[in-house]
Structures are given as structure tokens and as C-alpha cells.
Amino acid sequence: MIVYENVTKKYGDVTVVDNLSLTIDDGEFLVLIGPSGCGKTTTLKMLNRLIKYDEGNIYIDDSNIKEINPVELRRNIGYVIQQIGLFPNMTIEQNISVVPSLLKWSKEKQHKRVRELLEIADLSYEENAHKYPRELSGGQQQRIGVLRAIAAGPPVVLMDEPFGALDPITRDILQDELKALNKKLHKTIIFVTHDMGEAVKMADRIVFMNEGKVLQAASPEEMLENPAHPMISRFMGKLSYSRSGNDLICADVMRLKVLTVPETKKTLECIELMKQREIDSVIVVDKNNKYKGRANIEDIMEHGKPGEPIIKMVKLDTPSVMVNTNAKDAFDHLIATNIDYLAVLNRDKTVAGIITKTSMTKSLASVVWGDDNDYND
Amino acid sequence: MTSFLDKYGDMLLKASLVHLQYVLTSVGIAFVIALIVGILLSRAPNISRAVIPLLGIFQTIPGLIFIGVLFIYLGIKPITVLVALTIYAIFPILKNTYTGIIGVDPSLKEAAKGCGMSDMQILFKVELPMAMNPIISGLRMATIYTVSWAVLAAMIGLGGLGEFVYRGIETNNQVLIIGGAIPSAIIALGLGYLIDYVHKKITPRGLQGGA
Ligand SMILES: Nc1ncnc2c1ncn2[C@@H]1O[C@H](COP(=O)(O)OP(=O)(O)OP(=O)(O)O)[C@@H](O)[C@H]1O
Ligand SMILES: [Mg+2]
């Protein structure tokens with residue numbers, strides 16, 4: 001159990017964490033959210049003593065962290081930063097075993113642990129352990145960042161916007177993986193984010209901060225239903241739109257950032273792109289950016305020849321929806337066809353976005369919190 | 001050419017060895033000092049921002065004057081030359097060590113600290129490896145400069161390839177001047193090449209190619 005007891009942090013005259021009291025249970029997935037500068041990172045870093053606090057106390061399992069040697073303390077708390085922070089001069093194996101090696105585990109034990117962890121993250125040991133960080137994609141690097149944090153089996157893991165820099169699809173995947181991992185390993189996770197969608201998806205409990213104070217600490221459902229402060233409603237507004245659940249259209253729930261490739265792009269380049277983004281299909285457009293269809297990795301692998309333009313691999317009847325299609329119809333379609341996403345097209349057939357299953361989660365959230373009419377993202 | 005070698009070959013070899021000795025000893029000592037001081041300075045950037053430009057000014061004192069002054073205090077001994085060369089070789093290495101360490105991405109230092117590395121471990125496992133490129137290029141620069149500065153040793157009669165150069169100037173003998181210049185160019189290139197080779201060998205793949 002982690003207890004923040006009347007903790008205050010000041011920089012000069014400015015109080016950035018203000019008399020904070022918070023109790024976090026073992027195994028809890030706690031998400032800290034709030035506007036930029038509200039003290040989320042500071043709250044996180046005071047726990048592993050990267051930042052000193054001025055008043056109050058923090059306890060982990062009844063011991064005051066001031067009485068624990070900071071280096072020892074940090075070896076027992078996993079830490080994932082937004083910039084990932086893998087050491088470029090070390091291999092993936094060395095990066096993952098940083099903390100075990102600081103803890104003087106035997107070489108065999110470290111090695112075994114690395115294999116085990118890569119397996120958990122669905123990364124092959126043979127292919128990845130001896131690579132260097134820059135030889136991996138952003139998503140893979142961030143996975144390794146998480147593995148490094150949990151390598152020595154710390155009961156507590158701190159994560160500061162770990163998925164902020166990733167593209168939406170990779171981000172989705174990693175969120176799911178982390179959630180699953182947490183269920184399996186039963187760790188206490190304190191997770192910082194800006195993104196209410198992410199918070200709702202991941203959290204057991206959300207702590208909403210503003211100006212160094214907790215505005216509300218509640219389960220996602222509770223916060224969605226009874227936001228304690230207009231500012232929280234505004235944050236939730238990002239999840240909700242100006243319509244009630246039934247007349248949401250695709251434009252309301254789609255993801256905007258999508259990867260499209262021109263039809264003339266060569267198959268091998270497309271495979272490379274997909275590899276980098278860790279996705280298994282691309283959306284193909286013509287030279288006027290009009291939607292042609294999508295190409296799957298399986299089809300490219302089976303029928304593609306190097307040097308051929310990607311358009312030859314495109315299934316021309318790939319389903320798509322229009323921006324003004326009713327979102328519910330799009331979801332039904334998504335479920336019926338069991339594909340991972342649908343392209344959403346503007347009236348001129350250019351690609352506006354995609355609809356994934358996560359878009360559904362978000363729209364469900366907005367049904368619950370559907371009456372904030374003046375906020376549009 | 002052959003007659004030149006017949007006449008001066010032995011002397012040239014001996015002078016080259018003396019020259020090389022001066023260079024290796026002074027650069028070796030300078031490297032250790034520069035590394036230590038550079039690391040210490042990197043722990044106190046506020047002081048360093050003032051100290052390093054001062055050291056830089058010192059660097060611009062012409063070698064001749066400096067050797068002259070040292071000569072007055074230390075006399076005509078090889079140590080005079082070594083001290084002078086060492087002092088000159090320190091600066092490029094020190095400056096690069098300092099800027100290299102200061103330039104390590106703060107998020108890496110934070111990650112290292114967050115993993116529970118002690119300050120020493122952060123230095124040896126993260127900061128120094130990440131600063132290796134600038135440190136070694138400082139070393140390379142210092143080595144190559146020192147090869148030409150060591151020519152000054154002959155000025156106070158302490159041998160090295162400078163002897164040929166000075167004697168050539170005195171007697172207006174171009175062959176002698178070139179006879180001293182070519183081996184020192186070869187030494188400079190050779191040492192530069194050796195450093196590049198070692199550098200490449202010890203740089204992990206993850207840091208190669210401009211990273
Ligand atoms: N070293 C520092 N010196 C002075 N002020 C600081 C320092 N570090 C942080 N602050 C201030 O403390 C406040 C809280 O910072 P913190 O990093 O905890 O915010 P945050 O909630 O994590 O914000 P963001 O979402 O932008 O990451 C900010 O107003 C910031 O400007
Ligand atoms: Mg922050």
C-alpha cells in the first residue's frame with residue numbers, strides 16, 4: 001500500500017503539489033490525469049525520490065520512503081518515461097536486465113528473465129535480444145521500456161505518459177497488452193496521462209488533479225457519471241460529442257491519424273512501413289488522395305512480387321463507411337465482418353479516418369456522458 | 001634520396017622515436033587528467049561555464065612563449081617539453097569530455113537514475129559511453145596537434161623531429177626541413193588512423209553511424 005500524507009512540493013513560492021493525500025492499494029491501476037502543469041509528473045517522481053518534497057510523508061507498506069536509500073528504493077520501483085529512455089549503447093537484452101544486473105542477479109538468472117519477458121511481450125528472443133534500441137520500431141521500443149521497468153519484479157511501477165508518442169493503432173495495442181499484463185502480474189501501477197480515453201480504458205481509479213490538488217478520485221464509471229468539477233466535465237467532453245448515443249455519426253468517433261499510401265508505392269516499401277508501425281494493413285489512395293481500398297500483409301506475402309505497385313494487392317471491394325454514416329451502423333458492420341478497422345471516407349472519397357473497436361468504447365463512454373453540448377474536439 | 005637516408009637514416013629513426021615518445025607520453029597523461037577534470041567539471045556546469053573559456057584563452061598563448069617560460073623554471077630537461085605538451089593536449093580532450101557528458105540526453109540520465117543506478121554507475125554505464133564520440137575525437141585532435149607541437153622540443157635542444165627542421169632552417173637546407181616534416185606527418189596520420197580504428201572497434205553498433 002502506498003500512502004501520500006499531506007505532501008507539499010514548492011518551487012520557490014509556487015506550490016506545485018498542494019497538501020496531497022492519497023492512498024493506493026496493492027494491485028491497483030491508478031491513473032493520474034489533469035491539465036498540463038497540474039503536478040502529475042511531480043507526484044509520480046516524489047515516490048521514487050527523483051523529486052524531493054517539502055512537507056508531508058510518503059509511505060510504501062508502512063515504511064517512510066525518506067528512510068529508504070534512494071538508490072535501493074528505485075531498484076524496487078519500476079519506472080517508464082515518455083521518452084522511453086532505452087540506453088542506445090546497450091543491446092535490448094542489456095537494457096532489460098539493467099535493474100537485475102544492478103541487483104547482482106546471476107548471469108543465468110538475468111538471461112532467463114530476459115527470455116521470459118520478451119516472450120510475454122510476444123517478441124522473439126533470437127530476433128530482438130541482440131539488437132540495439134534504434135533498430136526497433138517506436139512501439140517495440142516502448143514495449144522494451146515497460147519490460148525494463150518490470151524486469152526485477154518490482155511490486156510498484158510508475159509510468160509517465162508512456163504511450164503518448166505512439167500512433168493510435170500501436171497505442172491501442174500496447175494499452176491492451178499493459179492491461180492484460182497488469183491482470184496477470186498484479187502490480188500496483190501509477191500511470192500518468194493527458195488522455196481521458198486512455199484513463200477510462202486503463203484505470204481502476206482515476207485521480208483528477210488541478211493546480212497540485214486532487215479534484216476528484218473515483219472509478220472511471222463514477223467519474224463519467226458524476227464529475228465533481230466543471231473542469232473534469234470538460235476533460236470528459238473530449239470523450240463525448242454534441243449528440244446522444246444513437247445519432248452519433250462516424251465523424252464523431254473515428255480516429256483521425258491514419259496511414260495512407262499512394263497506389264504507386266512499391267510492395268516492399270509498404271511492408272517496411274507496416275513493420276515500422278506494427279500494423280498489418282495499409283489504406284491505399286490514388287494520386288488525388290481518393291480511397292482505393294486496403295492491402296493486407298497476408299495478401300502481399302502471398303501474391304506480392306517485389307517492385308510491384310501496391311495497388312495490385314488491393315482488394316477493391318474492401319468495406320468503407322462515410323463520415324455521415326450512423327456510428328452504430330458502422331459498429332454493427334465492424335462486428336459483423338470481424339475486421340479490425342473500417343476506413344471512413346469524406347464525400348469526395350478521400351480518407352477522413354478509421355473506426356476501430358476502441359472507437360466503440362469511446363462512443364459508449366459518451367453515451368453515459370452525453371449531455372455536454374458545447375465541447376467539440 | 002638514398003644518399004639522404006644513408007646520411008641521416010639513423011638519426012631520423014632515433015629522432016622519430018624520441019618524437020613519438022614525447023607525443024605518447026604527453027597525450028597519455030593529458031588524456032587521464034582531461035578525463036578526470038572534464039568529468040568533475042560536468043558535475044558543476046555553473047562553475048564550468050566560467051572556467052572553460054578561461055582555459056581556452058590559456059590555450060591561445062603561443063607554444064614558443066610557453067616553452068620559454070617553462071624552460072626558465074624547469075631547465076633544459078625532457079620534462080619541460082613533456083609538461084608543455086601535456087598542458088596543451090589537455091584542453092581539446094577536456095572540453096570535449098565536458099560537452100560530451102553535458103550533452104547526454106537528460107531523459108537518459110533520468111531513466112538511469114530511475115532504474116536505481118548510483119551516480120558512479122550512471123557515469124560509467126551511461127554518460128561516458130554516450131559521450132565517447134566527442135571524447136575520442138578530442139583525443140584525436142590533441143594527438144595530431146601534439147605531433148606538430150613536439151617540433152618545438154628541438155628549440156631547446158631536446159631532440160625529436162624538430163631538430164631536422166631547425167637545422168634545415170639554420171643552414172637553409174630544404175631537404176633537411178622536408179626530411180623532418182615527412183616523418184612527423186606520417187606519425188600524425190598513423191596515430192590518427194590507429195585512434196579511428198580503435199574507436200570503431202569499441203563503439204557498440206547501437207551508437208555507430210552518427211548516433
Ligand atoms: N524544476 C522545476 N523548477 C520550477 N518549476 C518546476 C520544475 N519542475 C516542474 N515545475 C513546475 O511544476 C508544475 C508541475 O509540473 P509537473 O511536471 O508535475 O506537471 P505535469 O502535470 O506532469 O504536466 P504535464 O502534463 O505537462 O507533463 C509545473 O507548473 C511546472 O512548471
Ligand atoms: Mg508531466
# chains A, B, ... in the order shown; residues from 1 in each chain; ligands from 1
>>> interface_residues(of="chain A", to="chain B", cutoff="8 Å", atoms="only C-alpha atoms", output="CSV table (one decimal) with C-alpha atoms, in the first residue's frame")
chain,number,residue,atom,x,y,z
A,48,ASN,CA,10.8,7.2,-6.3
A,50,LEU,CA,13.6,11.7,-8.1
A,70,PRO,CA,17.0,6.3,-2.8
A,71,VAL,CA,19.1,4.0,-5.0
A,72,GLU,CA,17.6,0.9,-3.2
A,73,LEU,CA,14.2,2.4,-3.4
A,74,ARG,CA,14.3,3.0,-7.1
A,75,ARG,CA,15.5,-0.5,-7.8
A,77,ILE,CA,10.0,0.6,-8.2
A,78,GLY,CA,9.7,0.3,-12.0
A,79,TYR,CA,9.8,3.5,-13.9
A,80,VAL,CA,8.7,4.1,-17.5
A,81,ILE,CA,9.2,7.6,-19.0
A,83,GLN,CA,10.8,9.5,-23.9
A,85,GLY,CA,14.9,6.3,-22.4
A,86,LEU,CA,16.3,3.0,-23.5
A,87,PHE,CA,20.1,3.1,-23.4
A,88,PRO,CA,21.3,3.4,-27.0
A,89,ASN,CA,24.7,1.9,-26.1
A,90,MET,CA,23.2,-1.3,-24.8
A,91,THR,CA,21.5,-4.2,-26.5
A,98,VAL,CA,19.7,-3.2,-16.2
A,99,VAL,CA,18.0,-3.5,-12.8
A,102,LEU,CA,22.3,-3.7,-10.5
A,131,LYS,CA,19.5,-5.6,-31.4
A,132,TYR,CA,20.1,-2.1,-30.3
A,133,PRO,CA,17.2,0.2,-29.4
A,134,ARG,CA,17.4,2.2,-32.6
A,135,GLU,CA,16.9,-0.9,-34.6
A,149,ALA,CA,10.7,-1.5,-15.7
>>> residues_near_ligand(ligand="ligand 1", cutoff="10 Å", atoms="only C-alpha atoms and all ligand atoms", output="PyMOL selection string")
chain A and resi 9-17+32-46+51+82+160-161+192-194+209-212
>>> closest_residue(among="B:Gln174, B:Ser184, B:Asn96, B:Thr143", to="Ala34 of chain B", atoms="only C-alpha atoms")
B:Asn96
>>> select_by_dssp(residues="segment 154-347 of chain A", states="strand (DSSP E or B)", output="JSON, numbers by chain")
{"A": [156, 157, 158, 159, 160, 188, 189, 190, 191, 192, 193, 205, 206, 207, 208, 209, 210, 213, 214, 215, 216, 217, 218, 249, 255, 260, 261, 262, 266, 281, 282, 283, 284, 285, 290, 291, 292, 293, 294, 295, 296, 309, 315, 320, 321, 322, 326, 341, 342, 343, 344, 345]}
>>> write_last_selection(atoms="N, CA and C atoms", output="short mmCIF file (atom, residue, chain, number, x, y, z; two decimals), in the first residue's frame")
data_model
loop_
_atom_site.label_atom_id
_atom_site.label_comp_id
_atom_site.auth_asym_id
_atom_site.auth_seq_id
_atom_site.Cartn_x
_atom_site.Cartn_y
_atom_site.Cartn_z
N VAL A 156 5.71 -2.18 -7.55
CA VAL A 156 5.12 -0.91 -7.97
C VAL A 156 5.78 -0.44 -9.26
N VAL A 157 4.96 0.01 -10.21
CA VAL A 157 5.50 0.54 -11.45
C VAL A 157 4.92 1.93 -11.72
N LEU A 158 5.81 2.89 -12.01
CA LEU A 158 5.37 4.24 -12.33
C LEU A 158 5.48 4.46 -13.83
N MET A 159 4.47 5.02 -14.44
CA MET A 159 4.52 5.24 -15.87
C MET A 159 4.07 6.65 -16.19
N ASP A 160 4.96 7.41 -16.81
CA ASP A 160 4.64 8.81 -17.12
C ASP A 160 4.35 8.97 -18.60
N THR A 188 1.02 -2.87 -8.62
CA THR A 188 0.45 -1.55 -8.41
C THR A 188 1.02 -0.63 -9.48
N ILE A 189 0.14 -0.03 -10.28
CA ILE A 189 0.64 0.83 -11.34
C ILE A 189 0.10 2.23 -11.15
N ILE A 190 1.00 3.19 -11.19
CA ILE A 190 0.57 4.60 -11.21
C ILE A 190 0.93 5.13 -12.58
N PHE A 191 -0.09 5.57 -13.28
CA PHE A 191 0.03 5.83 -14.71
C PHE A 191 -0.44 7.26 -14.97
N VAL A 192 0.42 8.05 -15.60
CA VAL A 192 0.06 9.44 -15.89
C VAL A 192 -0.38 9.57 -17.33
N THR A 193 -1.44 10.30 -17.57
CA THR A 193 -1.85 10.54 -18.95
C THR A 193 -2.56 11.88 -19.07
N ARG A 205 -8.96 3.27 -10.88
CA ARG A 205 -9.38 4.52 -10.26
C ARG A 205 -8.66 5.67 -10.95
N ILE A 206 -9.39 6.75 -11.21
CA ILE A 206 -8.79 7.92 -11.83
C ILE A 206 -8.67 9.02 -10.79
N VAL A 207 -7.48 9.62 -10.73
CA VAL A 207 -7.30 10.76 -9.84
C VAL A 207 -7.13 11.99 -10.72
N PHE A 208 -8.09 12.89 -10.61
CA PHE A 208 -8.02 14.09 -11.44
C PHE A 208 -7.38 15.21 -10.63
N MET A 209 -6.27 15.76 -11.15
CA MET A 209 -5.56 16.81 -10.42
C MET A 209 -5.70 18.15 -11.13
N ASN A 210 -5.66 19.20 -10.34
CA ASN A 210 -5.56 20.55 -10.90
C ASN A 210 -4.81 21.42 -9.91
N LYS A 213 -3.71 19.93 -6.65
CA LYS A 213 -4.69 19.35 -5.73
C LYS A 213 -5.51 18.29 -6.45
N VAL A 214 -6.05 17.35 -5.65
CA VAL A 214 -6.94 16.36 -6.23
C VAL A 214 -8.34 16.94 -6.32
N LEU A 215 -8.87 17.00 -7.54
CA LEU A 215 -10.25 17.46 -7.68
C LEU A 215 -11.24 16.33 -7.46
N GLN A 216 -10.86 15.16 -7.95
CA GLN A 216 -11.74 14.01 -7.75
C GLN A 216 -10.91 12.73 -7.90
N ALA A 217 -11.19 11.76 -7.04
CA ALA A 217 -10.60 10.44 -7.20
C ALA A 217 -11.75 9.46 -7.23
N ALA A 218 -11.93 8.81 -8.37
CA ALA A 218 -13.09 7.93 -8.47
C ALA A 218 -12.86 6.90 -9.57
N ILE A 249 -22.42 10.07 -35.51
CA ILE A 249 -22.02 9.62 -36.84
C ILE A 249 -20.54 9.24 -36.80
N ARG A 255 -10.90 7.74 -35.54
CA ARG A 255 -9.55 8.22 -35.28
C ARG A 255 -9.07 8.97 -36.50
N THR A 260 -1.92 6.39 -44.85
CA THR A 260 -2.33 6.03 -46.20
C THR A 260 -1.09 5.98 -47.07
N VAL A 261 -1.14 5.13 -48.10
CA VAL A 261 -0.01 5.10 -49.04
C VAL A 261 -0.56 5.28 -50.44
N PRO A 262 0.22 5.96 -51.31
CA PRO A 262 -0.22 6.12 -52.70
C PRO A 262 -0.19 4.78 -53.43
N LYS A 266 5.70 0.89 -53.82
CA LYS A 266 6.09 -0.50 -54.07
C LYS A 266 5.76 -1.39 -52.88
N SER A 281 -2.08 -3.86 -42.14
CA SER A 281 -2.64 -3.49 -43.43
C SER A 281 -2.44 -2.00 -43.64
N VAL A 282 -2.52 -1.59 -44.92
CA VAL A 282 -2.43 -0.17 -45.21
C VAL A 282 -3.64 0.25 -46.03
N ILE A 283 -3.96 1.54 -45.94
CA ILE A 283 -5.03 2.09 -46.75
C ILE A 283 -4.39 2.73 -47.98
N VAL A 284 -4.89 2.33 -49.14
CA VAL A 284 -4.26 2.78 -50.37
C VAL A 284 -5.13 3.86 -51.02
N VAL A 285 -4.48 4.95 -51.47
CA VAL A 285 -5.22 6.03 -52.12
C VAL A 285 -4.61 6.33 -53.49
N LYS A 290 -7.90 9.84 -53.24
CA LYS A 290 -9.18 9.15 -53.12
C LYS A 290 -8.95 7.68 -52.75
N TYR A 291 -9.84 7.21 -51.92
CA TYR A 291 -9.72 5.86 -51.37
C TYR A 291 -9.80 4.78 -52.45
N LYS A 292 -8.85 3.86 -52.46
CA LYS A 292 -8.90 2.74 -53.40
C LYS A 292 -9.27 1.44 -52.71
N GLY A 293 -8.79 1.27 -51.49
CA GLY A 293 -9.06 0.02 -50.79
C GLY A 293 -7.97 -0.23 -49.79
N ARG A 294 -7.94 -1.43 -49.23
CA ARG A 294 -6.84 -1.68 -48.32
C ARG A 294 -6.09 -2.94 -48.70
N ALA A 295 -4.83 -2.97 -48.35
CA ALA A 295 -3.99 -4.11 -48.68
C ALA A 295 -3.52 -4.75 -47.39
N ASN A 296 -3.74 -6.06 -47.29
CA ASN A 296 -3.36 -6.79 -46.08
C ASN A 296 -1.99 -7.42 -46.25
N PRO A 309 3.66 -2.30 -57.78
CA PRO A 309 2.95 -1.27 -57.02
C PRO A 309 1.88 -1.92 -56.14
N LYS A 315 -7.68 -5.15 -52.37
CA LYS A 315 -8.99 -5.73 -52.59
C LYS A 315 -9.94 -4.56 -52.83
N SER A 320 -15.99 0.20 -46.60
CA SER A 320 -15.69 1.50 -46.02
C SER A 320 -17.02 2.13 -45.63
N VAL A 321 -16.96 3.19 -44.84
CA VAL A 321 -18.18 3.91 -44.48
C VAL A 321 -17.95 5.39 -44.73
N MET A 322 -19.03 6.16 -44.73
CA MET A 322 -18.89 7.59 -44.98
C MET A 322 -18.89 8.34 -43.64
N ASN A 326 -24.22 6.59 -39.76
CA ASN A 326 -24.52 6.43 -38.35
C ASN A 326 -23.48 5.52 -37.70
N TYR A 341 -10.54 -2.71 -38.51
CA TYR A 341 -10.99 -1.33 -38.62
C TYR A 341 -11.67 -1.08 -39.96
N LEU A 342 -12.42 -0.01 -40.00
CA LEU A 342 -13.11 0.40 -41.23
C LEU A 342 -12.59 1.76 -41.63
N ALA A 343 -12.37 1.97 -42.93
CA ALA A 343 -11.99 3.29 -43.39
C ALA A 343 -13.23 4.18 -43.42
N VAL A 344 -13.05 5.44 -43.00
CA VAL A 344 -14.15 6.40 -43.04
C VAL A 344 -13.83 7.43 -44.13
N LEU A 345 -14.76 7.61 -45.08
CA LEU A 345 -14.46 8.47 -46.22
C LEU A 345 -15.26 9.77 -46.17
#
>>> select_by_dssp(residues="chain B", states="alpha helix (DSSP H)", output="ChimeraX atom specification")
/B:2-42,45-59,63-74,78-102,106-114,119-122,128-130,132-149,162-170,174-202
>>> atom_distance(atom1="atom CA of Ile339 of chain A", atom2="atom CA of Ile144 of chain A")
28.1 Å
>>> residues_around(residues="Met141 of chain B", least_positions_apart="6", cutoff="12 Å", atoms="only C-alpha atoms", output="list of chain:residue names")
B:Val27, B:Phe31, B:Tyr88, B:Ala89, B:Ile90, B:Phe91, B:Pro92, B:Ile93, B:Leu94, B:Lys95, B:Asn96, B:Pro134, B:Ile135, B:Val147, B:Ser148, B:Ala188, B:Leu189, B:Leu191, B:Gly192, B:Tyr193, B:Ile195, B:Asp196
>>> decode(residues="segment 91-109 of chain B", atoms="N, CA, C and O atoms", output="PDB file, in the first residue's frame")
ATOM      1  N   PHE B  91      43.497  20.483 -23.166  1.00  0.00           N
ATOM      2  CA  PHE B  91      42.300  21.271 -23.428  1.00  0.00           C
ATOM      3  C   PHE B  91      41.295  20.640 -24.400  1.00  0.00           C
ATOM      4  O   PHE B  91      40.103  20.538 -24.069  1.00  0.00           O
ATOM      5  N   PRO B  92      41.739  20.228 -25.591  1.00  0.00           N
ATOM      6  CA  PRO B  92      40.730  19.672 -26.516  1.00  0.00           C
ATOM      7  C   PRO B  92      39.996  18.459 -25.926  1.00  0.00           C
ATOM      8  O   PRO B  92      38.784  18.309 -26.119  1.00  0.00           O
ATOM      9  N   ILE B  93      40.731  17.647 -25.193  1.00  0.00           N
ATOM     10  CA  ILE B  93      40.097  16.446 -24.627  1.00  0.00           C
ATOM     11  C   ILE B  93      39.139  16.843 -23.509  1.00  0.00           C
ATOM     12  O   ILE B  93      38.004  16.370 -23.430  1.00  0.00           O
ATOM     13  N   LEU B  94      39.620  17.751 -22.677  1.00  0.00           N
ATOM     14  CA  LEU B  94      38.800  18.196 -21.545  1.00  0.00           C
ATOM     15  C   LEU B  94      37.501  18.822 -22.037  1.00  0.00           C
ATOM     16  O   LEU B  94      36.421  18.502 -21.553  1.00  0.00           O
ATOM     17  N   LYS B  95      37.631  19.684 -23.016  1.00  0.00           N
ATOM     18  CA  LYS B  95      36.453  20.397 -23.491  1.00  0.00           C
ATOM     19  C   LYS B  95      35.438  19.415 -24.088  1.00  0.00           C
ATOM     20  O   LYS B  95      34.249  19.484 -23.812  1.00  0.00           O
ATOM     21  N   ASN B  96      35.954  18.469 -24.861  1.00  0.00           N
ATOM     22  CA  ASN B  96      35.036  17.502 -25.469  1.00  0.00           C
ATOM     23  C   ASN B  96      34.432  16.547 -24.447  1.00  0.00           C
ATOM     24  O   ASN B  96      33.288  16.127 -24.582  1.00  0.00           O
ATOM     25  N   THR B  97      35.217  16.197 -23.432  1.00  0.00           N
ATOM     26  CA  THR B  97      34.671  15.337 -22.379  1.00  0.00           C
ATOM     27  C   THR B  97      33.519  16.057 -21.690  1.00  0.00           C
ATOM     28  O   THR B  97      32.426  15.520 -21.515  1.00  0.00           O
ATOM     29  N   TYR B  98      33.792  17.314 -21.358  1.00  0.00           N
ATOM     30  CA  TYR B  98      32.773  18.112 -20.676  1.00  0.00           C
ATOM     31  C   TYR B  98      31.517  18.260 -21.546  1.00  0.00           C
ATOM     32  O   TYR B  98      30.420  17.921 -21.122  1.00  0.00           O
ATOM     33  N   THR B  99      31.699  18.744 -22.770  1.00  0.00           N
ATOM     34  CA  THR B  99      30.498  18.969 -23.595  1.00  0.00           C
ATOM     35  C   THR B  99      29.812  17.645 -23.922  1.00  0.00           C
ATOM     36  O   THR B  99      28.595  17.585 -24.004  1.00  0.00           O
ATOM     37  N   GLY B 100      30.597  16.604 -24.100  1.00  0.00           N
ATOM     38  CA  GLY B 100      30.007  15.294 -24.377  1.00  0.00           C
ATOM     39  C   GLY B 100      29.107  14.843 -23.240  1.00  0.00           C
ATOM     40  O   GLY B 100      27.974  14.405 -23.458  1.00  0.00           O
ATOM     41  N   ILE B 101      29.593  14.949 -22.018  1.00  0.00           N
ATOM     42  CA  ILE B 101      28.805  14.483 -20.869  1.00  0.00           C
ATOM     43  C   ILE B 101      27.588  15.388 -20.653  1.00  0.00           C
ATOM     44  O   ILE B 101      26.477  14.923 -20.442  1.00  0.00           O
ATOM     45  N   ILE B 102      27.832  16.701 -20.732  1.00  0.00           N
ATOM     46  CA  ILE B 102      26.726  17.650 -20.561  1.00  0.00           C
ATOM     47  C   ILE B 102      25.642  17.413 -21.612  1.00  0.00           C
ATOM     48  O   ILE B 102      24.456  17.588 -21.366  1.00  0.00           O
ATOM     49  N   GLY B 103      26.087  16.982 -22.800  1.00  0.00           N
ATOM     50  CA  GLY B 103      25.148  16.823 -23.906  1.00  0.00           C
ATOM     51  C   GLY B 103      24.339  15.532 -23.887  1.00  0.00           C
ATOM     52  O   GLY B 103      23.485  15.336 -24.742  1.00  0.00           O
ATOM     53  N   VAL B 104      24.616  14.636 -22.941  1.00  0.00           N
ATOM     54  CA  VAL B 104      23.845  13.389 -22.899  1.00  0.00           C
ATOM     55  C   VAL B 104      22.375  13.720 -22.608  1.00  0.00           C
ATOM     56  O   VAL B 104      22.071  14.508 -21.713  1.00  0.00           O
ATOM     57  N   ASP B 105      21.516  13.148 -23.395  1.00  0.00           N
ATOM     58  CA  ASP B 105      20.078  13.384 -23.285  1.00  0.00           C
ATOM     59  C   ASP B 105      19.608  13.266 -21.819  1.00  0.00           C
ATOM     60  O   ASP B 105      19.776  12.221 -21.198  1.00  0.00           O
ATOM     61  N   PRO B 106      19.048  14.340 -21.257  1.00  0.00           N
ATOM     62  CA  PRO B 106      18.631  14.296 -19.849  1.00  0.00           C
ATOM     63  C   PRO B 106      17.644  13.167 -19.569  1.00  0.00           C
ATOM     64  O   PRO B 106      17.623  12.617 -18.468  1.00  0.00           O
ATOM     65  N   SER B 107      16.840  12.795 -20.572  1.00  0.00           N
ATOM     66  CA  SER B 107      15.881  11.724 -20.310  1.00  0.00           C
ATOM     67  C   SER B 107      16.612  10.396 -20.079  1.00  0.00           C
ATOM     68  O   SER B 107      16.135   9.540 -19.343  1.00  0.00           O
ATOM     69  N   LEU B 108      17.796  10.235 -20.689  1.00  0.00           N
ATOM     70  CA  LEU B 108      18.571   9.016 -20.432  1.00  0.00           C
ATOM     71  C   LEU B 108      19.109   9.011 -19.007  1.00  0.00           C
ATOM     72  O   LEU B 108      19.092   7.982 -18.324  1.00  0.00           O
ATOM     73  N   LYS B 109      19.579  10.177 -18.570  1.00  0.00           N
ATOM     74  CA  LYS B 109      20.092  10.255 -17.202  1.00  0.00           C
ATOM     75  C   LYS B 109      18.963   9.985 -16.217  1.00  0.00           C
ATOM     76  O   LYS B 109      19.147   9.303 -15.213  1.00  0.00           O
TER      77      LYS B 109
END
